[in-house]
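Engineer: Structure incoming, see below.
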Amino acid sequence: MRRLFSVMAIATVTVLALASASFAADGKVHRVAIQVDQNDPAVMNLALNNATNVIEYYRGKGEDVDVDLVTYGPGLNMLRDDTSPVKDRIKQLKELAFPGKIQFSACENTRKGMEKKEGHTIPILSEATVVPSGVVRLMELQEQGWSYVRP
């Protein structure tokens with residue numbers, strides 16, 4: 001009887017493992033939202049490294065992945081066309097290395113606050129998408145099952 005239960009347990013684990021692997025290989029898209037809320041080039045580069053590593057990892061496994069770097073507060077400087085210390089790297093990632101796999105979301109609330117404080121229009125990189133609120137964007141992505149990383 002013990003042997004029967006052992007065989008059944010091993011069979012169940014095997015079936016679950018195969019089903020899990022099959023699900024990942026059969027079109028599951030991995031999705032991660034990466035928060036950037038600091039005006040620190042080291043944090044920005046760490047976030048870009050995280051995104052690159054995730055995309056390359058799943059690409060190597062033949063699996064799909066989507067990445068959204070969400071900026072707000074001081075982190076919006078990452079996506080400002082006039083101040084971004086990483087804009088060349090963003091352009092390279094978005095257009096050449098990972099087209100269609102990476103999104104850069106810029107918080108409109110933060111941009112409006114910066115424009116009011118600085119007294120001029122804040123230019124956003126053409127590679128970025130302006131979203132109404134960075135925090136709300138993160139919330140909604142997590143509600144849709146996206147993983148969350150804060151470098």
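Just remember, in the structure tokens the first chain shown is A, the second B, etc., residues are 1-based per chain, and ligands are 1-based in the order shown.
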With DSSP run on the backbone, what are the alpha helix (DSSP H) residues within chain A? I'd like them as a compact mmCIF listing (two decimals) with C-alpha atoms, in the first residue's frame.

Structural biologist:
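Result file part-v1.txt:
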```txt
# COMPACT_ATOMS: atom_id res chain seq x y z
CA ARG A 2 2.85 2.41 0.85
CA ARG A 3 4.48 1.62 -2.44
CA LEU A 4 1.24 2.43 -4.29
CA PHE A 5 1.00 5.81 -2.53
CA SER A 6 4.66 6.55 -3.32
CA VAL A 7 4.14 5.73 -6.98
CA MET A 8 0.98 7.88 -7.06
CA ALA A 9 2.80 10.79 -5.38
CA ILE A 10 5.69 10.59 -7.84
CA ALA A 11 3.27 10.39 -10.77
CA THR A 12 1.34 13.43 -9.49
CA VAL A 13 4.51 15.48 -9.07
CA THR A 14 5.68 14.47 -12.54
CA VAL A 15 2.36 15.41 -14.14
CA LEU A 16 2.33 18.78 -12.36
CA ALA A 17 5.91 19.51 -13.40
CA LEU A 18 5.20 18.60 -17.02
CA ALA A 19 2.01 20.67 -17.03
CA SER A 20 3.88 23.63 -15.60
CA ALA A 21 6.68 23.36 -18.15
CA SER A 22 4.16 22.89 -20.94
CA PHE A 23 2.23 25.98 -19.81
CA ALA A 24 5.38 28.11 -19.87
CA ALA A 25 6.38 26.79 -23.27
CA PRO A 41 22.02 57.27 -12.55
CA ALA A 42 23.15 54.17 -10.63
CA VAL A 43 19.52 53.23 -9.87
CA MET A 44 18.50 53.95 -13.47
CA ASN A 45 21.29 51.76 -14.82
CA LEU A 46 20.44 49.02 -12.32
CA ALA A 47 16.81 49.09 -13.53
CA LEU A 48 18.00 48.89 -17.15
CA ASN A 49 20.34 46.02 -16.23
CA ASN A 50 17.44 44.21 -14.52
CA ALA A 51 15.28 44.64 -17.61
CA THR A 52 18.05 43.47 -19.94
CA ASN A 53 18.83 40.43 -17.82
CA VAL A 54 15.16 39.39 -17.59
CA ILE A 55 14.60 39.73 -21.32
CA GLU A 56 17.80 37.87 -22.21
CA TYR A 57 17.03 35.09 -19.70
CA TYR A 58 13.60 34.34 -21.14
CA ARG A 59 14.77 34.86 -24.70
CA GLY A 60 17.39 32.17 -24.04
CA LYS A 61 14.64 29.81 -22.86
CA LYS A 87 18.80 58.25 -22.85
CA ASP A 88 21.26 56.71 -25.33
CA ARG A 89 20.95 53.37 -23.58
CA ILE A 90 17.14 53.62 -23.53
CA LYS A 91 17.08 54.31 -27.27
CA GLU A 108 2.07 62.67 -16.28
CA ASN A 109 1.34 63.82 -12.70
CA THR A 110 5.06 64.18 -12.05
CA ARG A 111 5.64 65.91 -15.37
CA LYS A 112 2.93 68.48 -14.64
CA GLY A 113 4.44 69.14 -11.21
CA MET A 114 7.90 69.61 -12.72
CA GLU A 115 6.52 71.94 -15.40
CA LYS A 116 4.80 74.07 -12.78
CA LYS A 117 7.94 74.22 -10.63
CA GLU A 118 10.37 74.84 -13.51
CA GLY A 134 3.08 56.15 -12.40
CA VAL A 135 1.81 54.75 -9.12
CA VAL A 136 -1.56 53.85 -10.64
CA ARG A 137 0.25 52.23 -13.58
CA LEU A 138 2.18 50.01 -11.16
CA MET A 139 -0.99 49.13 -9.27
CA GLU A 140 -2.89 48.22 -12.42
CA LEU A 141 -0.05 46.10 -13.79
CA GLN A 142 0.16 44.19 -10.51
CA GLU A 143 -3.62 43.71 -10.51
```

Engineer: Residues within 9 Å of His30 (chain A), please, as a list in words. Count only C-alpha atoms; anything in the same chain fewer than 4 positions from it doesn't count.

Structural biologist: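 Listed by chain and then number, they are Ala24, Tyr58, Glu63, Asp64, Val65, Asp66, Val67, Trp146 and Ser147 of chain A.
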
Engineer: Take the selection from the previous step and output its residues with C-alpha atoms, as a short mmCIF file (atom, residue, chain, number, x, y, z; two decimals), in the first residue's frame.

Structural biologist:
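Saved to selection-v9.cif:
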```
data_model
loop_
_atom_site.label_atom_id
_atom_site.label_comp_id
_atom_site.auth_asym_id
_atom_site.auth_seq_id
_atom_site.Cartn_x
_atom_site.Cartn_y
_atom_site.Cartn_z
CA ALA A 24 5.38 28.11 -19.87
CA TYR A 58 13.60 34.34 -21.14
CA GLU A 63 9.80 32.18 -23.73
CA ASP A 64 8.05 35.54 -24.06
CA VAL A 65 8.53 38.37 -21.59
CA ASP A 66 7.30 41.94 -21.38
CA VAL A 67 8.98 44.61 -19.26
CA TRP A 146 2.58 41.46 -13.46
CA SER A 147 5.54 40.86 -11.17
#
```

Engineer: From the set A:Leu69, A:His120, A:Gly100, A:Asn39, which residue has the shortest atom-to-atom contact distance to Ser84 (chain A), counting only C-alpha atoms?

Structural biologist: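 The shortest atom-to-atom distance to Ser84 (chain A) comes from A:Asn39.
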
Engineer: Can you work out the spacing between CA of Leu125 (chain A) and CA of Pro85 (chain A) in Å, to one decimal?

Structural biologist: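 Result for CA of Leu125 (chain A) versus CA of Pro85 (chain A): 11.8 Å, one decimal.
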
Engineer: If you run DSSP over the backbone, which residues in region 55-87 of chain A end up strand (DSSP E)? Put them as a list of chain:residue names.

Structural biologist: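 Of region 55-87 of chain A, the ones in strand (DSSP E) are A:Asp64, A:Val65, A:Asp66, A:Val67, A:Asp68, A:Leu69, A:Val70, A:Thr71.
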
Engineer: Taking only C-alpha atoms into account, which of A:Gly75, A:Pro151, A:Gly27, A:Gly62 comes nearest Phe104 (chain A)?

Structural biologist: A:Gly75

Engineer: To one decimal place in Å, what is the distance between CA of Leu96 (chain A) and CA of Thr129 (chain A)?

Structural biologist: 17.5 Å
